[in-house]
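Written out below as structure tokens is the structure these notes cover.
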Amino acid sequence: MSKPRASPRVLVADDEPHVRQIVSAIVRALGAQVVAEAADGEQAVAFFERLRPEVVILDINMPHMRGDEALRRILAIEPGTVAIMMTAQDTIDMVHECLDRGARHYILKSNRAEEIYRLFAEVWPECEALVQKEVA
Amino acid sequence: MTHTLDNPRRRAARPAPGAQSGENELPRYDLPALAAEAATDKVYDESAKVRVTQQDIRNLLERRRRSHP
């Protein structure tokens, strides 16, 4: 009998509470555990240092510290972290910058809710595989 | 030989041809040339912010993963 697979632990960072709620609901529906919700980049880094989740979902335009800076700091602490950017920033420069910094995925908030769910569902097996690889 | 940078805005800011430059006259500029230059600047600014769709991002991610597996 195979050992039950541990579900990834996820940190969600967005300054809009309703977006955090939606993203957390999607993540839970995909079988993962949301360990913390942060309202800005500083909080995200602080939660990350304390809880060390395997996956972080980051907005970019947040007060105090932007998501792209939080991404840089989080990956400096733990380079194996799976980072997904979810943002309204749709410029090619920002996409390149985040991918260059180590983000694995980039999801636009301008997508409809069901499309956002579909995109998370699409990238989730890869996130789980990366997390398993890190744990092994 | 002296090399100078030809700045189109400066060129447009020269007095328009035929303009008289009397002591009490306000400076006159080649407004159509300035407007054309401003339009070029706008095009440049927009080009620096190319917007992408989710499909563009998907294609970009695939390309990057193929080149850096």
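Each chain of the structure tokens is named A, B, ... in the order shown, its residues numbered from 1; ligands are numbered from 1 in display order.
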Considering only C-alpha atoms, tabulate each residue of chain B that lies at most 12 Å from chain A along with its nearest interatomic pair and the corresponding distance in Å to one decimal; arrange the rows by chain and ascending residue number and present them as CSV.
```
residue,atom,partner,partner_atom,distance
B:Glu46,CA,A:Thr91,CA,10.5
B:Ser47,CA,A:Thr91,CA,10.3
B:Ala48,CA,A:Asp93,CA,8.1
B:Lys49,CA,A:Thr91,CA,5.6
B:Val50,CA,A:Thr91,CA,5.4
B:Arg51,CA,A:Thr91,CA,4.4
B:Val52,CA,A:Asp90,CA,5.5
B:Thr53,CA,A:Asp90,CA,7.2
B:Gln54,CA,A:Leu108,CA,6.5
B:Gln55,CA,A:Ile107,CA,10.2
B:Asp56,CA,A:Ile92,CA,9.0
B:Ile57,CA,A:Tyr106,CA,7.1
B:Arg58,CA,A:Tyr106,CA,8.6
B:Asn59,CA,A:Tyr106,CA,11.6
B:Leu60,CA,A:His96,CA,8.9
B:Leu61,CA,A:His105,CA,7.7
B:Glu62,CA,A:His105,CA,10.8
B:Arg64,CA,A:Leu99,CA,9.1
B:Arg65,CA,A:Arg104,CA,10.0
B:His68,CA,A:Asp100,CA,11.6
```
Write the selection just made, keeping N, CA, C and O atoms, as a compact mmCIF listing (two decimals), in the first residue's frame?
```txt
# COMPACT_ATOMS: atom_id res chain seq x y z
N GLU B 46 4.29 53.33 -24.79
CA GLU B 46 3.38 52.20 -24.87
C GLU B 46 4.13 50.92 -25.20
O GLU B 46 3.83 49.86 -24.68
N SER B 47 5.14 51.03 -26.07
CA SER B 47 5.86 49.83 -26.49
C SER B 47 6.64 49.25 -25.32
O SER B 47 6.93 48.07 -25.27
N ALA B 48 7.00 50.10 -24.33
CA ALA B 48 7.74 49.61 -23.17
C ALA B 48 6.82 48.83 -22.23
O ALA B 48 7.28 48.16 -21.34
N LYS B 49 5.52 48.94 -22.44
CA LYS B 49 4.58 48.24 -21.58
C LYS B 49 3.68 47.33 -22.43
O LYS B 49 2.49 47.57 -22.57
N VAL B 50 4.28 46.34 -23.02
CA VAL B 50 3.52 45.40 -23.84
C VAL B 50 2.67 44.53 -22.93
O VAL B 50 3.19 43.95 -21.96
N ARG B 51 1.39 44.47 -23.20
CA ARG B 51 0.50 43.69 -22.34
C ARG B 51 0.37 42.28 -22.89
O ARG B 51 0.45 42.07 -24.09
N VAL B 52 0.19 41.34 -21.98
CA VAL B 52 0.14 39.94 -22.39
C VAL B 52 -1.16 39.28 -21.92
O VAL B 52 -1.80 39.76 -20.98
N THR B 53 -1.51 38.21 -22.57
CA THR B 53 -2.67 37.41 -22.16
C THR B 53 -2.16 36.16 -21.44
O THR B 53 -0.96 35.86 -21.48
N GLN B 54 -3.09 35.42 -20.85
CA GLN B 54 -2.69 34.18 -20.18
C GLN B 54 -2.08 33.20 -21.19
O GLN B 54 -1.15 32.47 -20.87
N GLN B 55 -2.61 33.22 -22.41
CA GLN B 55 -2.06 32.33 -23.44
C GLN B 55 -0.61 32.72 -23.77
O GLN B 55 0.24 31.84 -23.95
N ASP B 56 -0.34 34.03 -23.84
CA ASP B 56 1.04 34.48 -24.08
C ASP B 56 1.96 33.96 -22.97
O ASP B 56 3.08 33.52 -23.24
N ILE B 57 1.47 34.04 -21.73
CA ILE B 57 2.28 33.60 -20.58
C ILE B 57 2.52 32.09 -20.68
O ILE B 57 3.62 31.60 -20.44
N ARG B 58 1.47 31.36 -21.04
CA ARG B 58 1.60 29.90 -21.19
C ARG B 58 2.69 29.58 -22.23
O ARG B 58 3.56 28.74 -22.01
N ASN B 59 2.63 30.27 -23.38
CA ASN B 59 3.61 30.04 -24.44
C ASN B 59 5.02 30.39 -23.97
O ASN B 59 5.98 29.66 -24.24
N LEU B 60 5.12 31.50 -23.24
CA LEU B 60 6.42 31.95 -22.74
C LEU B 60 7.00 30.91 -21.77
O LEU B 60 8.18 30.55 -21.84
N LEU B 61 6.15 30.40 -20.86
CA LEU B 61 6.60 29.40 -19.89
C LEU B 61 7.08 28.14 -20.61
O LEU B 61 8.11 27.57 -20.25
N GLU B 62 6.33 27.73 -21.64
CA GLU B 62 6.73 26.52 -22.39
C GLU B 62 8.07 26.73 -23.07
O GLU B 62 8.93 25.85 -23.04
N ARG B 64 10.44 28.83 -22.21
CA ARG B 64 11.51 28.90 -21.22
C ARG B 64 11.86 27.51 -20.70
O ARG B 64 13.02 27.20 -20.45
N ARG B 65 10.85 26.66 -20.52
CA ARG B 65 11.12 25.32 -19.99
C ARG B 65 11.82 24.43 -21.02
O ARG B 65 12.58 23.56 -20.67
N HIS B 68 15.38 25.84 -20.87
CA HIS B 68 16.03 25.55 -19.57
C HIS B 68 15.24 24.46 -18.86
O HIS B 68 14.50 24.75 -17.93
```
**Request:** Considering only C-alpha atoms, return as a list of chain:residue names whatever protein or nucleic-acid residues lie within 12 Å of Glu69 (chain A), sequence-local ones (same chain, fewer than 2 positions apart) excluded.
**Result:** A:Asp40, A:Gly41, A:Glu42, A:Ala44, A:Val45, A:Leu58, A:Asp59, A:Ile60, A:Asn61, A:Met62, A:Pro63, A:His64, A:Met65, A:Arg66, A:Gly67, A:Leu71, A:Arg72, A:Arg73, A:Ile74, A:Leu75, A:Ala76, A:Met85, A:Met94, A:Glu97, A:Cys98, A:Arg101, A:Gly102, A:Ala103
Could you take the residues named above and write them with N, CA and C atoms, as a PDB file, in the first residue's frame?
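Written out: result-v6.pdb:
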```
ATOM      1  N   ASP A  40       0.208  41.797   2.893  1.00  0.00           N
ATOM      2  CA  ASP A  40       1.236  42.567   2.177  1.00  0.00           C
ATOM      3  C   ASP A  40       2.518  41.740   2.098  1.00  0.00           C
ATOM      4  N   GLY A  41       3.495  42.293   1.380  1.00  0.00           N
ATOM      5  CA  GLY A  41       4.734  41.548   1.154  1.00  0.00           C
ATOM      6  C   GLY A  41       5.531  41.295   2.415  1.00  0.00           C
ATOM      7  N   GLU A  42       5.544  42.294   3.297  1.00  0.00           N
ATOM      8  CA  GLU A  42       6.297  42.150   4.556  1.00  0.00           C
ATOM      9  C   GLU A  42       5.738  40.995   5.386  1.00  0.00           C
ATOM     10  N   ALA A  44       4.039  38.543   4.271  1.00  0.00           N
ATOM     11  CA  ALA A  44       4.282  37.291   3.549  1.00  0.00           C
ATOM     12  C   ALA A  44       5.658  36.730   3.901  1.00  0.00           C
ATOM     13  N   VAL A  45       6.665  37.615   3.890  1.00  0.00           N
ATOM     14  CA  VAL A  45       8.027  37.154   4.203  1.00  0.00           C
ATOM     15  C   VAL A  45       8.098  36.690   5.663  1.00  0.00           C
ATOM     16  N   LEU A  58       1.570  34.765  -4.637  1.00  0.00           N
ATOM     17  CA  LEU A  58       1.831  36.166  -4.330  1.00  0.00           C
ATOM     18  C   LEU A  58       1.182  37.114  -5.331  1.00  0.00           C
ATOM     19  N   ASP A  59       0.495  38.121  -4.794  1.00  0.00           N
ATOM     20  CA  ASP A  59       0.069  39.261  -5.593  1.00  0.00           C
ATOM     21  C   ASP A  59       1.309  40.140  -5.784  1.00  0.00           C
ATOM     22  N   ILE A  60       1.274  41.062  -6.740  1.00  0.00           N
ATOM     23  CA  ILE A  60       2.433  41.947  -6.923  1.00  0.00           C
ATOM     24  C   ILE A  60       2.201  43.315  -6.288  1.00  0.00           C
ATOM     25  N   ASN A  61       1.093  43.963  -6.621  1.00  0.00           N
ATOM     26  CA  ASN A  61       0.835  45.301  -6.074  1.00  0.00           C
ATOM     27  C   ASN A  61       0.269  45.197  -4.669  1.00  0.00           C
ATOM     28  N   MET A  62       1.164  45.224  -3.696  1.00  0.00           N
ATOM     29  CA  MET A  62       0.739  45.168  -2.288  1.00  0.00           C
ATOM     30  C   MET A  62       1.445  46.294  -1.535  1.00  0.00           C
ATOM     31  N   PRO A  63       0.836  46.793  -0.444  1.00  0.00           N
ATOM     32  CA  PRO A  63       1.495  47.857   0.326  1.00  0.00           C
ATOM     33  C   PRO A  63       2.702  47.328   1.107  1.00  0.00           C
ATOM     34  N   HIS A  64       3.507  48.256   1.589  1.00  0.00           N
ATOM     35  CA  HIS A  64       4.696  47.974   2.418  1.00  0.00           C
ATOM     36  C   HIS A  64       5.811  47.269   1.640  1.00  0.00           C
ATOM     37  N   MET A  65       5.496  46.117   1.051  1.00  0.00           N
ATOM     38  CA  MET A  65       6.490  45.447   0.205  1.00  0.00           C
ATOM     39  C   MET A  65       5.751  44.786  -0.942  1.00  0.00           C
ATOM     40  N   ARG A  66       6.229  45.023  -2.161  1.00  0.00           N
ATOM     41  CA  ARG A  66       5.575  44.436  -3.326  1.00  0.00           C
ATOM     42  C   ARG A  66       5.824  42.928  -3.392  1.00  0.00           C
ATOM     43  N   GLY A  67       4.973  42.259  -4.149  1.00  0.00           N
ATOM     44  CA  GLY A  67       5.089  40.811  -4.263  1.00  0.00           C
ATOM     45  C   GLY A  67       6.354  40.367  -4.965  1.00  0.00           C
ATOM     46  N   LEU A  71       8.911  37.869  -3.341  1.00  0.00           N
ATOM     47  CA  LEU A  71       9.356  36.666  -4.067  1.00  0.00           C
ATOM     48  C   LEU A  71      10.874  36.522  -3.975  1.00  0.00           C
ATOM     49  N   ARG A  72      11.580  37.634  -4.230  1.00  0.00           N
ATOM     50  CA  ARG A  72      13.052  37.600  -4.183  1.00  0.00           C
ATOM     51  C   ARG A  72      13.539  37.174  -2.802  1.00  0.00           C
ATOM     52  N   ARG A  73      12.922  37.745  -1.759  1.00  0.00           N
ATOM     53  CA  ARG A  73      13.375  37.439  -0.388  1.00  0.00           C
ATOM     54  C   ARG A  73      13.052  36.000   0.002  1.00  0.00           C
ATOM     55  N   ILE A  74      11.854  35.543  -0.379  1.00  0.00           N
ATOM     56  CA  ILE A  74      11.451  34.178  -0.031  1.00  0.00           C
ATOM     57  C   ILE A  74      12.365  33.156  -0.708  1.00  0.00           C
ATOM     58  N   LEU A  75      12.659  33.383  -1.997  1.00  0.00           N
ATOM     59  CA  LEU A  75      13.506  32.417  -2.704  1.00  0.00           C
ATOM     60  C   LEU A  75      14.961  32.501  -2.238  1.00  0.00           C
ATOM     61  N   ALA A  76      15.341  33.660  -1.672  1.00  0.00           N
ATOM     62  CA  ALA A  76      16.685  33.752  -1.090  1.00  0.00           C
ATOM     63  C   ALA A  76      16.753  32.912   0.186  1.00  0.00           C
ATOM     64  N   MET A  85       2.803  33.584  -9.045  1.00  0.00           N
ATOM     65  CA  MET A  85       2.364  34.974  -9.010  1.00  0.00           C
ATOM     66  C   MET A  85       0.927  35.015  -9.508  1.00  0.00           C
ATOM     67  N   MET A  94       7.062  42.609 -16.482  1.00  0.00           N
ATOM     68  CA  MET A  94       6.841  42.080 -15.133  1.00  0.00           C
ATOM     69  C   MET A  94       6.823  40.545 -15.158  1.00  0.00           C
ATOM     70  N   GLU A  97      10.352  39.452 -15.398  1.00  0.00           N
ATOM     71  CA  GLU A  97      11.083  39.724 -14.162  1.00  0.00           C
ATOM     72  C   GLU A  97      10.775  38.661 -13.105  1.00  0.00           C
ATOM     73  N   CYS A  98       9.484  38.342 -12.957  1.00  0.00           N
ATOM     74  CA  CYS A  98       9.111  37.353 -11.934  1.00  0.00           C
ATOM     75  C   CYS A  98       9.625  35.960 -12.297  1.00  0.00           C
ATOM     76  N   ARG A 101      13.199  35.781 -11.611  1.00  0.00           N
ATOM     77  CA  ARG A 101      13.474  35.699 -10.163  1.00  0.00           C
ATOM     78  C   ARG A 101      13.156  34.322  -9.602  1.00  0.00           C
ATOM     79  N   GLY A 102      12.495  33.485 -10.389  1.00  0.00           N
ATOM     80  CA  GLY A 102      12.267  32.115  -9.942  1.00  0.00           C
ATOM     81  C   GLY A 102      10.820  31.701  -9.760  1.00  0.00           C
ATOM     82  N   ALA A 103       9.869  32.592 -10.130  1.00  0.00           N
ATOM     83  CA  ALA A 103       8.458  32.178 -10.039  1.00  0.00           C
ATOM     84  C   ALA A 103       8.210  31.037 -11.028  1.00  0.00           C
TER      85      ALA A 103
END
```
**Interatomic distance (Å, one decimal) between CA of Lys133 (chain A) and CA of Arg52 (chain A)** =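 According to the coordinates, CA of Lys133 (chain A) and CA of Arg52 (chain A) are separated by 15.9 Å.
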**Message:** Residues near Leu130 (chain A), anyone? I mean within 10 Å using only C-alpha atoms, not counting same-chain ones fewer than 5 positions away, as a VMD selection string.
**Reply:** chain A and resid 8 54 to 55 80 to 82 124 to 125 135 to 136
**Residue set, region 13-127 of chain A restricted to alpha helix (DSSP H), as number ranges by chain** = A: 17-29, 41-51, 67-77, 92-101, 113-127
Requested write-out: C-alpha atoms of the selected residues, as a compact mmCIF listing (two decimals), in the first residue's frame:
```
# COMPACT_ATOMS: atom_id res chain seq x y z
CA PRO A 17 -9.32 40.12 1.46
CA HIS A 18 -11.86 38.77 -1.04
CA VAL A 19 -9.05 37.67 -3.38
CA ARG A 20 -7.32 35.89 -0.49
CA GLN A 21 -10.61 34.14 0.30
CA ILE A 22 -11.14 32.99 -3.27
CA VAL A 23 -7.55 31.81 -3.75
CA SER A 24 -7.55 30.01 -0.39
CA ALA A 25 -10.83 28.29 -1.29
CA ILE A 26 -9.35 27.14 -4.62
CA VAL A 27 -6.19 25.88 -2.92
CA ARG A 28 -8.22 23.92 -0.34
CA ALA A 29 -10.41 22.49 -3.09
CA GLY A 41 4.73 41.55 1.15
CA GLU A 42 6.30 42.15 4.56
CA GLN A 43 3.74 39.91 6.25
CA ALA A 44 4.28 37.29 3.55
CA VAL A 45 8.03 37.15 4.20
CA ALA A 46 7.46 37.09 7.99
CA PHE A 47 4.94 34.23 7.69
CA PHE A 48 7.28 32.42 5.34
CA GLU A 49 10.21 32.65 7.75
CA ARG A 50 8.06 31.25 10.55
CA LEU A 51 6.04 28.58 8.74
CA GLY A 67 5.09 40.81 -4.26
CA ASP A 68 8.07 40.74 -6.64
CA GLU A 69 10.34 41.85 -3.78
CA ALA A 70 8.71 39.33 -1.41
CA LEU A 71 9.36 36.67 -4.07
CA ARG A 72 13.05 37.60 -4.18
CA ARG A 73 13.37 37.44 -0.39
CA ILE A 74 11.45 34.18 -0.03
CA LEU A 75 13.51 32.42 -2.70
CA ALA A 76 16.68 33.75 -1.09
CA ILE A 77 15.60 32.03 2.14
CA ILE A 92 5.59 41.38 -20.43
CA ASP A 93 8.40 43.05 -18.46
CA MET A 94 6.84 42.08 -15.13
CA VAL A 95 6.18 38.50 -16.29
CA HIS A 96 9.82 38.14 -17.38
CA GLU A 97 11.08 39.72 -14.16
CA CYS A 98 9.11 37.35 -11.93
CA LEU A 99 10.04 34.27 -13.98
CA ASP A 100 13.69 35.38 -13.94
CA ARG A 101 13.47 35.70 -10.16
CA ALA A 113 -13.00 32.90 -11.60
CA GLU A 114 -13.60 29.51 -13.24
CA GLU A 115 -10.59 30.06 -15.51
CA ILE A 116 -8.44 30.91 -12.48
CA TYR A 117 -9.59 27.66 -10.84
CA ARG A 118 -8.78 25.77 -14.05
CA LEU A 119 -5.31 27.36 -14.20
CA PHE A 120 -4.54 26.43 -10.60
CA ALA A 121 -5.83 22.91 -11.23
CA GLU A 122 -3.59 22.73 -14.28
CA VAL A 123 -0.42 23.81 -12.47
CA TRP A 124 -1.13 21.98 -9.23
CA PRO A 125 0.20 18.51 -10.15
CA GLU A 126 3.50 20.15 -11.08
CA CYS A 127 3.56 22.03 -7.76
```
**Message:** For a test of reading the model, state the distance in Å between CA of Ala129 (chain A) and CA of Thr87 (chain A), rounded to one decimal.
**Reply:**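 Pair CA of Ala129 (chain A) / CA of Thr87 (chain A) returns 23.8 Å.
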**Arg9 (chain A) environment, 8 Å, only C-alpha atoms, sequence neighbours closer than 3 positions dropped, as a ChimeraX atom specification** = /A:32-35,53-55
Taking N, CA, C and O atoms for each residue, export the selection above as an mmCIF file, in the first residue's frame.
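Just written: again.cif:
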```
data_model
loop_
_atom_site.group_PDB
_atom_site.id
_atom_site.type_symbol
_atom_site.label_atom_id
_atom_site.label_comp_id
_atom_site.auth_asym_id
_atom_site.auth_seq_id
_atom_site.Cartn_x
_atom_site.Cartn_y
_atom_site.Cartn_z
ATOM 1 N N ALA A 32 -4.880 21.073 -0.877
ATOM 2 C CA ALA A 32 -3.714 21.596 -0.150
ATOM 3 C C ALA A 32 -4.173 22.328 1.106
ATOM 4 O O ALA A 32 -5.364 22.598 1.285
ATOM 5 N N GLN A 33 -3.193 22.641 1.936
ATOM 6 C CA GLN A 33 -3.496 23.289 3.212
ATOM 7 C C GLN A 33 -2.990 24.726 3.175
ATOM 8 O O GLN A 33 -1.805 24.957 2.893
ATOM 9 N N VAL A 34 -3.881 25.690 3.437
ATOM 10 C CA VAL A 34 -3.451 27.098 3.512
ATOM 11 C C VAL A 34 -2.972 27.347 4.936
ATOM 12 O O VAL A 34 -3.757 27.298 5.876
ATOM 13 N N VAL A 35 -1.681 27.606 5.096
ATOM 14 C CA VAL A 35 -1.138 27.774 6.453
ATOM 15 C C VAL A 35 -1.190 29.230 6.909
ATOM 16 O O VAL A 35 -1.149 29.510 8.102
ATOM 17 N N PRO A 53 6.209 27.362 4.288
ATOM 18 C CA PRO A 53 5.332 26.605 3.391
ATOM 19 C C PRO A 53 6.078 26.210 2.118
ATOM 20 O O PRO A 53 7.073 26.840 1.761
ATOM 21 N N GLU A 54 5.593 25.161 1.463
ATOM 22 C CA GLU A 54 6.275 24.709 0.241
ATOM 23 C C GLU A 54 5.854 25.531 -0.977
ATOM 24 O O GLU A 54 6.583 25.614 -1.959
ATOM 25 N N VAL A 55 4.640 26.103 -0.913
ATOM 26 C CA VAL A 55 4.115 26.870 -2.052
ATOM 27 C C VAL A 55 3.713 28.262 -1.553
ATOM 28 O O VAL A 55 3.112 28.397 -0.488
#
```
**Prompt:** Separation of CA of Val12 (chain A) and CA of Ser67 (chain B), in Å?
**Reply:**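 It comes out at 29.7 Å.
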